[in-house]
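Everything below belongs to query-v1.tsv, which stores TSV, C-alpha atoms and all ligand atoms.
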```tsv
chain	number	residue	atom	x	y	z
A	205	MET	CA	22.60	108.87	32.91
A	206	ALA	CA	20.83	111.65	31.03
A	207	VAL	CA	17.95	113.02	33.08
A	208	PRO	CA	15.14	112.10	30.64
A	209	MET	CA	16.25	108.43	30.84
A	210	LYS	CA	16.46	108.26	34.63
A	211	PHE	CA	13.11	106.52	34.87
A	212	LEU	CA	14.72	103.35	33.46
A	213	SER	CA	16.93	102.60	36.44
A	214	GLU	CA	14.39	104.03	38.90
A	215	GLU	CA	11.65	101.70	37.72
A	216	LEU	CA	13.96	98.69	37.51
A	217	ASP	CA	15.15	99.37	41.07
A	218	ALA	CA	11.55	99.59	42.24
A	219	MET	CA	10.84	96.22	40.61
A	220	LYS	CA	13.84	94.71	42.40
A	221	GLN	CA	12.64	96.17	45.74
A	222	ALA	CA	9.18	94.66	45.20
A	223	GLY	CA	10.59	91.25	44.25
A	224	LEU	CA	9.06	91.57	40.77
A	225	TYR	CA	12.32	91.74	38.80
A	226	GLY	CA	12.65	88.50	36.86
A	227	THR	CA	15.90	86.57	36.52
A	228	ILE	CA	16.27	85.27	32.98
A	229	ARG	CA	18.40	82.11	32.90
A	230	THR	CA	20.76	81.40	30.01
A	231	LEU	CA	20.46	77.89	28.58
A	232	GLU	CA	23.66	76.38	27.21
A	233	SER	CA	21.89	73.45	25.57
A	234	PRO	CA	18.87	72.88	23.33
A	235	GLN	CA	15.43	72.95	24.92
A	236	GLY	CA	14.62	69.45	26.15
A	237	ALA	CA	13.65	67.40	29.21
A	238	TRP	CA	16.94	68.52	30.79
A	239	VAL	CA	18.80	71.76	30.12
A	240	HIS	CA	22.29	73.05	30.98
A	241	ILE	CA	22.52	76.24	33.03
A	242	ASP	CA	25.84	77.52	34.38
A	243	GLY	CA	27.44	74.20	33.50
A	244	LYS	CA	24.92	72.12	35.47
A	245	LYS	CA	22.00	69.92	34.38
A	246	TYR	CA	18.46	70.82	35.41
A	247	LEU	CA	15.15	69.05	34.86
A	248	ASN	CA	13.15	71.43	32.70
A	249	LEU	CA	9.58	72.13	33.85
A	250	CYS	CA	9.26	75.58	32.25
A	251	SER	CA	8.98	75.30	28.51
A	252	ASN	CA	5.98	74.98	26.23
A	253	ASN	CA	7.91	72.36	24.29
A	254	TYR	CA	4.96	69.99	24.86
A	255	LEU	CA	6.00	67.31	22.42
A	256	GLY	CA	9.75	67.65	22.73
A	257	LEU	CA	10.06	68.78	19.11
A	258	CYS	CA	12.35	71.81	19.76
A	259	ASN	CA	15.43	69.69	19.17
A	260	ASP	CA	13.98	66.83	17.09
A	261	PRO	CA	16.44	65.61	14.42
A	262	ARG	CA	13.63	65.40	11.85
A	263	LEU	CA	13.02	69.14	12.19
A	264	VAL	CA	16.73	69.90	11.97
A	265	ALA	CA	17.08	67.73	8.84
A	266	LYS	CA	14.17	69.49	7.16
A	267	VAL	CA	15.73	72.88	7.94
A	268	LYS	CA	19.00	71.78	6.28
A	269	GLU	CA	17.17	70.48	3.22
A	270	TYR	CA	15.08	73.65	2.79
A	271	THR	CA	17.84	76.17	3.51
A	272	ASP	CA	20.05	74.43	0.94
A	273	LYS	CA	17.25	74.89	-1.57
A	274	TYR	CA	15.64	78.22	-0.59
A	275	GLY	CA	18.18	80.08	1.54
A	276	VAL	CA	17.06	81.80	4.71
A	277	GLY	CA	15.26	85.12	4.36
A	278	PRO	CA	11.94	85.98	2.74
A	279	GLY	CA	13.31	89.27	1.28
A	280	ALA	CA	10.39	91.55	2.10
A	281	VAL	CA	6.70	91.44	2.90
A	282	ARG	CA	4.77	88.80	0.99
A	283	THR	CA	2.51	91.27	-0.83
A	284	ILE	CA	5.49	93.05	-2.40
A	285	ALA	CA	8.33	90.56	-2.88
A	286	GLY	CA	6.09	87.59	-3.59
A	287	THR	CA	5.50	84.69	-1.29
A	288	MET	CA	7.81	81.68	-1.22
A	289	SER	CA	6.49	78.22	-2.06
A	290	PRO	CA	7.45	76.67	1.33
A	291	HIS	CA	5.05	79.11	3.06
A	292	ILE	CA	2.25	78.00	0.74
A	293	GLU	CA	3.16	74.36	1.32
A	294	LEU	CA	2.96	74.91	5.10
A	295	GLU	CA	-0.38	76.72	4.81
A	296	LYS	CA	-1.88	73.83	2.83
A	297	LYS	CA	-0.55	71.27	5.32
A	298	LEU	CA	-1.87	73.25	8.30
A	299	ALA	CA	-5.33	73.65	6.76
A	300	ALA	CA	-5.52	69.93	6.03
A	301	PHE	CA	-4.27	69.06	9.52
A	302	LYS	CA	-6.85	71.29	11.17
A	303	GLY	CA	-9.70	70.31	8.87
A	304	ALA	CA	-10.12	73.95	7.73
A	305	GLU	CA	-10.55	75.23	4.17
A	306	ALA	CA	-7.49	77.46	4.35
A	307	ALA	CA	-4.78	78.83	6.63
A	308	ILE	CA	-2.39	81.76	6.67
A	309	VAL	CA	1.05	81.56	8.26
A	310	ILE	CA	1.92	84.56	10.46
A	311	GLN	CA	5.20	85.60	12.12
A	312	SER	CA	4.21	84.55	15.66
A	313	GLY	CA	1.24	83.67	17.82
A	314	PHE	CA	1.35	87.17	19.28
A	315	CYS	CA	1.27	88.59	15.78
A	316	ALA	CA	-1.58	86.24	14.82
A	317	ASN	CA	-3.85	88.06	17.26
A	318	LEU	CA	-2.73	91.42	15.84
A	319	THR	CA	-3.53	90.00	12.40
A	320	VAL	CA	-7.01	88.73	13.16
A	321	ILE	CA	-8.61	90.93	15.80
A	322	PRO	CA	-8.21	94.54	14.55
A	323	THR	CA	-8.74	93.37	10.96
A	324	LEU	CA	-12.08	91.68	11.62
A	325	ALA	CA	-13.36	94.10	14.28
A	326	GLY	CA	-11.53	97.39	14.01
A	327	GLY	CA	-14.22	100.03	13.57
A	328	ALA	CA	-15.51	102.38	16.25
A	329	ASP	CA	-18.99	100.84	15.87
A	330	ASP	CA	-17.68	97.29	16.37
A	331	LEU	CA	-17.70	95.24	19.56
A	332	ILE	CA	-15.22	92.69	20.87
A	333	PHE	CA	-16.27	90.24	23.60
A	334	SER	CA	-13.16	89.06	25.45
A	335	ASP	CA	-12.69	86.57	28.31
A	336	SER	CA	-11.23	88.31	31.37
A	337	LEU	CA	-8.27	85.88	31.47
A	338	ASN	CA	-7.32	86.19	27.81
A	339	HIS	CA	-3.62	86.29	26.87
A	340	ALA	CA	-1.72	89.59	26.75
A	341	SER	CA	-1.43	89.41	22.96
A	342	ILE	CA	-5.24	89.36	22.71
A	343	ILE	CA	-5.47	92.35	25.05
A	344	ASP	CA	-2.93	94.26	22.95
A	345	ALA	CA	-4.68	93.30	19.71
A	346	CYS	CA	-7.94	94.65	21.18
A	347	ARG	CA	-6.13	97.89	22.03
A	348	LEU	CA	-5.11	98.23	18.38
A	349	SER	CA	-8.76	98.08	17.36
A	350	LYS	CA	-11.08	101.04	17.69
A	351	ALA	CA	-13.88	98.69	18.73
A	352	LYS	CA	-15.40	98.77	22.19
A	353	VAL	CA	-14.04	95.85	24.24
A	354	ILE	CA	-16.51	94.08	26.52
A	355	ARG	CA	-14.84	91.78	29.04
A	356	TYR	CA	-16.90	88.92	30.41
A	357	GLU	CA	-16.04	87.03	33.60
A	358	HIS	CA	-13.72	84.11	32.97
A	359	SER	CA	-15.63	81.24	31.32
A	360	ASP	CA	-18.87	82.57	32.86
A	361	MET	CA	-21.52	81.76	30.27
A	362	ALA	CA	-24.32	83.52	32.18
A	363	ASP	CA	-22.26	86.73	32.19
A	364	LEU	CA	-21.45	86.33	28.49
A	365	ALA	CA	-25.14	85.73	27.63
A	366	LYS	CA	-26.11	88.84	29.61
A	367	LYS	CA	-23.51	91.00	27.85
A	368	LEU	CA	-24.49	89.70	24.41
A	369	GLU	CA	-28.13	90.49	25.23
A	370	GLU	CA	-27.34	94.00	26.49
A	371	ASN	CA	-25.58	94.77	23.20
A	372	SER	CA	-28.03	93.06	20.85
A	373	ALA	CA	-29.08	96.38	19.27
A	374	VAL	CA	-25.51	97.39	18.33
A	375	LYS	CA	-25.22	97.53	14.56
A	376	GLY	CA	-21.45	97.13	14.03
A	377	ARG	CA	-19.54	93.87	13.64
A	378	LYS	CA	-19.25	91.71	16.71
A	379	LEU	CA	-16.36	89.38	17.46
A	380	LEU	CA	-15.77	87.06	20.40
A	381	ILE	CA	-12.21	86.07	21.22
A	382	THR	CA	-11.13	83.53	23.81
A	383	ASP	CA	-8.04	81.55	24.69
A	384	GLY	CA	-8.70	77.88	23.95
A	385	VAL	CA	-6.65	76.66	26.91
A	386	PHE	CA	-5.96	79.20	29.65
A	387	SER	CA	-2.24	79.04	30.16
A	388	MET	CA	-1.92	79.76	33.87
A	389	ASP	CA	-4.63	77.36	35.12
A	390	GLY	CA	-4.81	74.84	32.28
A	391	ASP	CA	-8.61	74.98	32.02
A	392	ILE	CA	-10.36	74.74	28.63
A	393	ALA	CA	-12.75	77.39	27.24
A	394	LYS	CA	-16.40	76.31	27.12
A	395	LEU	CA	-16.34	76.49	23.37
A	396	PRO	CA	-19.57	74.57	22.57
A	397	GLU	CA	-21.61	76.99	24.75
A	398	ILE	CA	-19.71	79.98	23.36
A	399	VAL	CA	-20.45	78.88	19.79
A	400	ASP	CA	-24.16	78.37	20.57
A	401	LEU	CA	-24.44	81.82	22.14
A	402	CYS	CA	-22.54	83.51	19.32
A	403	GLU	CA	-24.58	81.79	16.61
A	404	LYS	CA	-27.80	83.04	18.28
A	405	ASN	CA	-26.43	86.57	18.52
A	406	GLY	CA	-24.71	86.93	15.15
A	407	VAL	CA	-21.21	87.13	16.65
A	408	ILE	CA	-18.01	85.97	14.90
A	409	VAL	CA	-16.15	83.37	17.00
A	410	ALA	CA	-12.36	83.40	17.17
A	411	VAL	CA	-10.35	81.10	19.43
A	412	ASP	CA	-6.65	81.42	20.20
A	413	ASP	CA	-5.59	77.81	20.50
A	414	ALA	CA	-1.94	78.44	21.39
A	415	HIS	CA	-1.86	75.86	24.20
A	416	GLY	CA	-4.27	73.49	22.41
A	417	GLU	CA	-2.38	73.20	19.14
A	418	GLY	CA	-0.60	69.81	19.17
A	419	VAL	CA	-2.19	69.06	22.56
A	420	LEU	CA	-6.00	68.86	22.31
A	421	GLY	CA	-8.10	66.91	19.81
A	422	ARG	CA	-7.23	63.84	17.76
A	423	GLY	CA	-3.47	63.75	17.34
A	424	GLY	CA	-3.21	67.36	18.54
A	425	ARG	CA	-5.52	68.89	15.94
A	426	GLY	CA	-6.66	71.47	18.47
A	427	ILE	CA	-9.69	72.65	20.40
A	428	VAL	CA	-12.12	72.71	17.47
A	429	ASP	CA	-11.42	69.05	16.85
A	430	HIS	CA	-11.54	68.31	20.62
A	431	PHE	CA	-15.14	69.57	20.77
A	432	ASN	CA	-15.99	68.44	17.21
A	433	LEU	CA	-16.98	71.99	16.25
A	434	HIS	CA	-15.65	71.87	12.67
A	435	GLY	CA	-17.27	74.56	10.51
A	436	ARG	CA	-18.77	76.38	13.50
A	437	VAL	CA	-15.72	78.35	14.71
A	438	ASP	CA	-15.00	81.20	12.32
A	439	VAL	CA	-11.30	81.70	13.07
A	440	GLU	CA	-8.77	79.39	14.69
A	441	ILE	CA	-5.71	81.32	15.76
A	442	GLY	CA	-2.65	79.34	16.70
A	443	THR	CA	1.02	79.31	17.42
A	444	MET	CA	3.83	77.04	16.31
A	445	SER	CA	6.08	78.13	19.20
A	446	LYS	CA	4.61	75.67	21.69
A	447	ALA	CA	3.82	72.05	20.80
A	448	PHE	CA	5.19	72.47	17.27
A	449	GLY	CA	8.53	73.31	18.85
A	450	VAL	CA	9.49	76.13	16.50
A	451	MET	CA	8.10	79.66	16.04
A	452	GLY	CA	5.32	81.15	13.98
A	453	GLY	CA	1.62	81.86	14.14
A	454	MET	CA	-1.36	80.92	12.03
A	455	ALA	CA	-5.01	81.61	11.40
A	456	ALA	CA	-7.26	78.95	9.89
A	457	GLY	CA	-10.82	79.18	8.61
A	458	SER	CA	-12.67	79.68	5.34
A	459	THR	CA	-10.90	80.49	2.06
A	460	VAL	CA	-12.52	83.92	1.96
A	461	LEU	CA	-11.41	84.70	5.52
A	462	VAL	CA	-7.79	83.84	4.70
A	463	ASP	CA	-7.96	85.84	1.45
A	464	TYR	CA	-9.29	88.85	3.43
A	465	LEU	CA	-6.51	88.60	6.03
A	466	ARG	CA	-3.86	88.35	3.29
A	467	GLN	CA	-5.15	91.54	1.66
A	468	LYS	CA	-6.00	93.59	4.74
A	469	ALA	CA	-4.10	92.53	7.87
A	470	ARG	CA	-1.34	94.98	8.68
A	471	PRO	CA	1.18	92.39	9.94
A	472	ASN	CA	0.90	90.70	6.52
A	473	LEU	CA	1.23	93.98	4.64
A	474	PHE	CA	3.96	95.61	6.71
A	475	SER	CA	6.07	92.84	8.23
A	476	SER	CA	8.05	90.19	6.37
A	477	ALA	CA	7.15	86.52	6.48
A	478	LEU	CA	8.61	83.79	8.68
A	479	THR	CA	12.10	82.66	7.69
A	480	ILE	CA	12.68	79.48	5.69
A	481	PRO	CA	14.19	77.60	8.67
A	482	ASP	CA	11.02	78.30	10.70
A	483	VAL	CA	8.77	77.20	7.86
A	484	ALA	CA	10.77	74.05	7.14
A	485	ALA	CA	10.87	72.99	10.79
A	486	ASN	CA	7.12	73.60	11.10
A	487	LEU	CA	6.49	71.48	8.01
A	488	ALA	CA	8.33	68.61	9.72
A	489	SER	CA	6.26	69.13	12.91
A	490	VAL	CA	2.96	68.91	11.06
A	491	GLU	CA	4.17	65.81	9.25
A	492	ILE	CA	5.15	64.18	12.55
A	493	LEU	CA	1.76	65.01	14.08
A	494	GLN	CA	-0.09	63.75	11.03
A	495	GLU	CA	1.78	60.45	11.04
A	496	SER	CA	1.28	59.42	14.65
A	497	GLU	CA	-0.46	60.23	17.92
A	498	THR	CA	2.36	58.75	20.00
A	499	LEU	CA	3.84	62.03	21.23
A	500	VAL	CA	0.47	63.56	22.09
A	501	LYS	CA	-0.50	60.44	24.06
A	502	LYS	CA	2.83	60.49	25.92
A	503	LEU	CA	2.31	64.15	26.80
A	504	TRP	CA	-1.11	63.43	28.32
A	505	SER	CA	0.03	60.38	30.27
A	506	ASN	CA	2.97	62.39	31.64
A	507	GLY	CA	0.64	65.24	32.64
A	508	ASP	CA	-1.81	62.86	34.32
A	509	PHE	CA	1.02	61.15	36.20
A	510	LEU	CA	2.54	64.37	37.55
A	511	LYS	CA	-0.84	65.79	38.61
A	512	LYS	CA	-1.90	62.59	40.34
A	513	GLU	CA	1.39	62.30	42.27
A	514	LEU	CA	1.46	65.97	43.35
A	515	LYS	CA	-2.20	65.88	44.40
A	516	ALA	CA	-1.67	62.68	46.38
A	517	MET	CA	1.05	64.46	48.37
A	518	GLY	CA	-1.34	67.26	49.27
A	519	PHE	CA	-0.45	69.98	46.77
A	520	ASP	CA	-3.19	72.17	45.33
A	521	THR	CA	-3.08	71.71	41.54
A	522	ALA	CA	-6.22	73.82	40.99
A	523	HIS	CA	-8.57	72.83	38.18
A	524	SER	CA	-6.34	72.10	35.21
A	525	GLU	CA	-7.89	69.97	32.46
A	526	THR	CA	-4.70	69.77	30.37
A	527	PRO	CA	-1.04	68.78	30.89
A	528	ILE	CA	-0.40	72.27	32.35
A	529	THR	CA	0.12	71.61	36.07
A	530	PRO	CA	-0.14	74.62	38.37
A	531	VAL	CA	1.02	74.09	41.96
A	532	ILE	CA	-0.58	76.87	43.96
A	533	ILE	CA	1.69	78.31	46.68
A	534	GLY	CA	-0.13	81.55	47.60
A	535	GLU	CA	2.17	84.49	48.33
A	536	ALA	CA	4.55	85.67	45.60
A	537	SER	CA	7.54	85.64	47.97
A	538	ASP	CA	6.84	82.00	48.98
A	539	ALA	CA	6.47	80.93	45.36
A	540	LYS	CA	9.84	82.52	44.57
A	541	VAL	CA	11.51	80.75	47.50
A	542	PHE	CA	9.88	77.49	46.40
A	543	SER	CA	11.24	77.92	42.88
A	544	ALA	CA	14.73	78.78	44.19
A	545	LYS	CA	14.76	75.69	46.41
A	546	LEU	CA	13.69	73.51	43.49
A	547	PHE	CA	16.53	75.01	41.47
A	548	GLU	CA	19.04	74.13	44.21
A	549	ARG	CA	17.75	70.55	43.89
A	550	GLY	CA	18.15	70.46	40.10
A	551	VAL	CA	14.62	71.39	38.98
A	552	PHE	CA	14.04	74.42	36.76
A	553	ALA	CA	10.46	75.61	37.39
A	554	THR	CA	9.75	79.34	37.43
A	555	ALA	CA	7.43	81.00	39.96
A	556	ILE	CA	4.47	82.77	38.37
A	557	VAL	CA	3.29	85.78	40.33
A	558	PHE	CA	1.11	88.90	40.08
A	559	PRO	CA	0.32	90.47	37.57
A	560	THR	CA	0.48	87.27	35.49
A	561	VAL	CA	-1.86	85.59	38.01
A	562	PRO	CA	-4.12	87.18	40.68
A	563	ARG	CA	-2.54	88.17	44.01
A	564	GLY	CA	-2.58	85.36	46.58
A	565	THR	CA	-2.46	82.65	43.89
A	566	ALA	CA	1.26	82.72	43.09
A	567	ARG	CA	2.32	79.34	41.82
A	568	ILE	CA	4.87	77.08	40.28
A	569	ARG	CA	3.57	76.09	36.87
A	570	ALA	CA	4.97	72.69	36.00
A	571	MET	CA	5.02	72.14	32.24
A	572	VAL	CA	5.47	68.50	31.34
A	573	SER	CA	6.60	67.36	27.95
A	574	ALA	CA	6.46	64.14	25.97
A	575	ALA	CA	10.26	64.28	26.25
A	576	HIS	CA	10.16	63.55	30.01
A	577	SER	CA	10.66	59.96	31.10
A	578	GLU	CA	8.84	58.49	34.09
A	579	ASP	CA	12.12	58.68	36.03
A	580	ASP	CA	12.35	62.39	35.22
A	581	LEU	CA	8.88	62.97	36.60
A	582	ARG	CA	9.56	60.87	39.71
A	583	PHE	CA	12.64	63.00	40.31
A	584	ALA	CA	10.47	66.14	39.98
A	585	VAL	CA	7.88	64.77	42.43
A	586	GLU	CA	10.60	63.95	45.00
A	587	GLN	CA	11.99	67.47	44.82
A	588	PHE	CA	8.52	69.06	45.10
A	589	ALA	CA	7.89	66.85	48.16
A	590	SER	CA	11.17	67.79	49.77
A	591	VAL	CA	10.66	71.55	49.27
A	592	GLY	CA	6.96	71.36	50.17
A	593	ARG	CA	7.75	69.70	53.52
A	594	GLU	CA	10.65	72.03	54.28
A	595	MET	CA	8.37	75.04	53.71
A	596	GLY	CA	5.40	73.51	55.57
A	597	ILE	CA	3.18	73.56	52.49
A	598	ILE	CA	2.49	69.81	52.71
A	599	SER	CA	2.86	67.56	55.74
A	601	LIG	C1	1.95	81.82	23.93
A	601	LIG	C2	0.74	82.48	23.47
A	601	LIG	C3	0.77	83.39	22.42
A	601	LIG	C4	2.07	83.88	21.83
A	601	LIG	O1	2.59	82.96	20.93
A	601	LIG	P1	4.04	83.22	20.28
A	601	LIG	O2	4.02	82.34	19.09
A	601	LIG	O3	5.04	82.82	21.30
A	601	LIG	O4	4.11	84.65	19.93
A	601	LIG	C5	-0.42	83.92	21.98
A	601	LIG	N1	-1.60	83.57	22.53
A	601	LIG	C6	-1.66	82.69	23.55
A	601	LIG	C7	-3.00	82.33	24.14
A	601	LIG	C8	-0.50	82.12	24.06
A	601	LIG	O5	-0.57	81.26	25.07
```
Can you turn what I pasted into structure tokens?
Ligand SMILES: *Cc1c(COP(=O)(O)O)cnc(C)c1O
Amino acid sequence: MAVPMKFLSEELDAMKQAGLYGTIRTLESPQGAWVHIDGKKYLNLCSNNYLGLCNDPRLVAKVKEYTDKYGVGPGAVRTIAGTMSPHIELEKKLAAFKGAEAAIVIQSGFCANLTVIPTLAGGADDLIFSDSLNHASIIDACRLSKAKVIRYEHSDMADLAKKLEENSAVKGRKLLITDGVFSMDGDIAKLPEIVDLCEKNGVIVAVDDAHGEGVLGRGGRGIVDHFNLHGRVDVEIGTMSKAFGVMGGMAAGSTVLVDYLRQKARPNLFSSALTIPDVAANLASVEILQESETLVKKLWSNGDFLKKELKAMGFDTAHSETPITPVIIGEASDAKVFSAKLFERGVFATAIVFPTVPRGTARIRAMVSAAHSEDDLRFAVEQFASVGREMGIIS
């Protein structure tokens, strides 16, 4: 290989040596409770397909209907080629679902943070307050802003209050951004306290509700609904790649906020819109959520069941408050062995290691879905028990 490119194989080899090179499995089936890998069936405990909508026939039917009518591609960025009516239809439906005045549809959840954060707090005089466990897309969005980023200790309201106080004289715009649900531990941001502190200090509140969308609140309306904070959270950022089962991001809030983002946010000005199949499938997801709470209730009862059973066997499931079920193993190498042994027994559950989680807290993160049956979850529990005993993690 040409000398200037040698770093590629060198760094990849170093990752392999350190056990940090990830194997990416190929799925030969749709996402669902079970998936096919190398011709075999595995119980799926990896996906964010919370409600099992990834392969729902109602989404597929809507995609067929809309692609017959509107084709596939959006043609160019919305501000130049015009926006297509399905995108507007989805924005109206999302705003109504979330109880917000307006919403803008964005290409992905990752992109939604790039849309909101540098646009609202981008100047060198601005400040961004960011939880220390915020998602990588929030960290990258902060890097795209010229603002000074002030990290506060994870969900530590005393630390946040202190940092707000220390910066009370700063004249620029101030924005606080937090994950709604923290994806590796499943704990929920202390949003009521955050909103109180931000209101006192004149700080804009933005919450990235990626893991709360379709999960928290009445019928999955999200974290703002969960805490009944309607009208007090300035920006709700979300994704449609998790519970909605598709792809796409969003930001919801006041009409003027959405108008501002449409005119100023660089991902809206310089990147084309979601495709029609994405938009159509998302429309079907919102309709399903609006019609019934059944799937959301099933998700929570499945999560509660799995947590209760794993805890009863002696596993450490940390302090999750949501269906996300971390099973703490400790060392990265042990977590990888645990995951490999689960795989041999027909359970697909990836090990999560440093730098995604702190050293010494490597884990298997079990993601339940409304698509799992009780038998599926019993099967999972049996395999966890078998591996846990074999490795001496439980007795
Ligand atoms: C998953 C996730 C994202 C990324 O969403 P995509 O739609 O997959 O790009 C952004 N923020 C948080 C907090 C997430 O958990």
For this session: Residues up to 10 Å from ligand LIG 601 (chain A), counting all atoms listed in the file: could you list those as a ChimeraX atom specification?
Result: /A:252,310-318,337-343,382-388,411-416,441-446,450-454
Exercise. For A:Pro527, which residue among A:Val419, A:Ile228, A:Val276, A:Val557 is the nearest when counting all atoms listed in the file?
Worked result: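 Of all the options, A:Val419 lies closest to A:Pro527.
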Exercise. Using only C-alpha atoms, which residues sit within 8 Å of stretch 458-471 of chain A once same-chain residues fewer than 4 positions away are excluded, as a VMD selection string?
Worked result: chain A and resid 304 to 308 310 315 318 to 320 323 438 475
Problem set entry | Point-to-point distance from atom CA of A:Ile381 to atom CA of A:Ser334, Å rounded to tenths |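 Between atom CA of A:Ile381 and atom CA of A:Ser334 the gap is 5.3 Å.
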For this session: Write out as JSON, numbers by chain the residues lying within 7 Å of stretch 232-248 of chain A, counting only C-alpha atoms and excluding same-chain residues fewer than 4 positions away.
Result: {"A": [256, 258, 259, 550, 551, 552, 553, 575, 576]}
Exercise. In Å to one decimal, how far is atom CA of A:Leu433 from atom CA of A:Val399?
Worked result: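 These two atoms are separated by 8.5 Å.
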Exercise. Counting only C-alpha atoms, which of A:Leu420, A:Arg569, A:Ala328, A:Lys367 gets nearest to A:Asn432?
Worked result: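 Looking only at the distances to A:Asn432, the closest residue turns out to be A:Leu420.
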For this session: Using all atoms listed in the file, pick whichever of A:His430, A:Lys515, A:Lys404, A:Lys540 has the shortest atom-to-atom distance to A:Ala589.
Result: A:Lys515
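Going from atom CA of A:Glu535 over to atom CA of A:Gly507, you cover 24.9 Å.
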Exercise. Is there a way to get, as an NGL selection string, all residues within 6 Å of the point (-13.4, 81.8, 29.9) in file coordinates, counting all atoms listed in the file?
Worked result: :A and (335 or 358-359 or 393)
Problem set entry | Long-range neighbours of A:Ala566 as JSON, numbers by chain, 8 Å cut-off, only C-alpha atoms, 3 positions minimum in chain | {"A": [532, 533, 534, 535, 536, 539, 555, 556, 557, 558, 561, 562, 563]}
Those same residues - C-alpha atoms - I'd like them written as a PDB file, in the frame of the given file.
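Written output follows (result-v2.pdb):
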```pdb
ATOM      1  CA  ILE A 532      -0.580  76.870  43.960  1.00  0.00           C
ATOM      2  CA  ILE A 533       1.690  78.310  46.680  1.00  0.00           C
ATOM      3  CA  GLY A 534      -0.130  81.550  47.600  1.00  0.00           C
ATOM      4  CA  GLU A 535       2.170  84.490  48.330  1.00  0.00           C
ATOM      5  CA  ALA A 536       4.550  85.670  45.600  1.00  0.00           C
ATOM      6  CA  ALA A 539       6.470  80.930  45.360  1.00  0.00           C
ATOM      7  CA  ALA A 555       7.430  81.000  39.960  1.00  0.00           C
ATOM      8  CA  ILE A 556       4.470  82.770  38.370  1.00  0.00           C
ATOM      9  CA  VAL A 557       3.290  85.780  40.330  1.00  0.00           C
ATOM     10  CA  PHE A 558       1.110  88.900  40.080  1.00  0.00           C
ATOM     11  CA  VAL A 561      -1.860  85.590  38.010  1.00  0.00           C
ATOM     12  CA  PRO A 562      -4.120  87.180  40.680  1.00  0.00           C
ATOM     13  CA  ARG A 563      -2.540  88.170  44.010  1.00  0.00           C
TER      14      ARG A 563
END
```
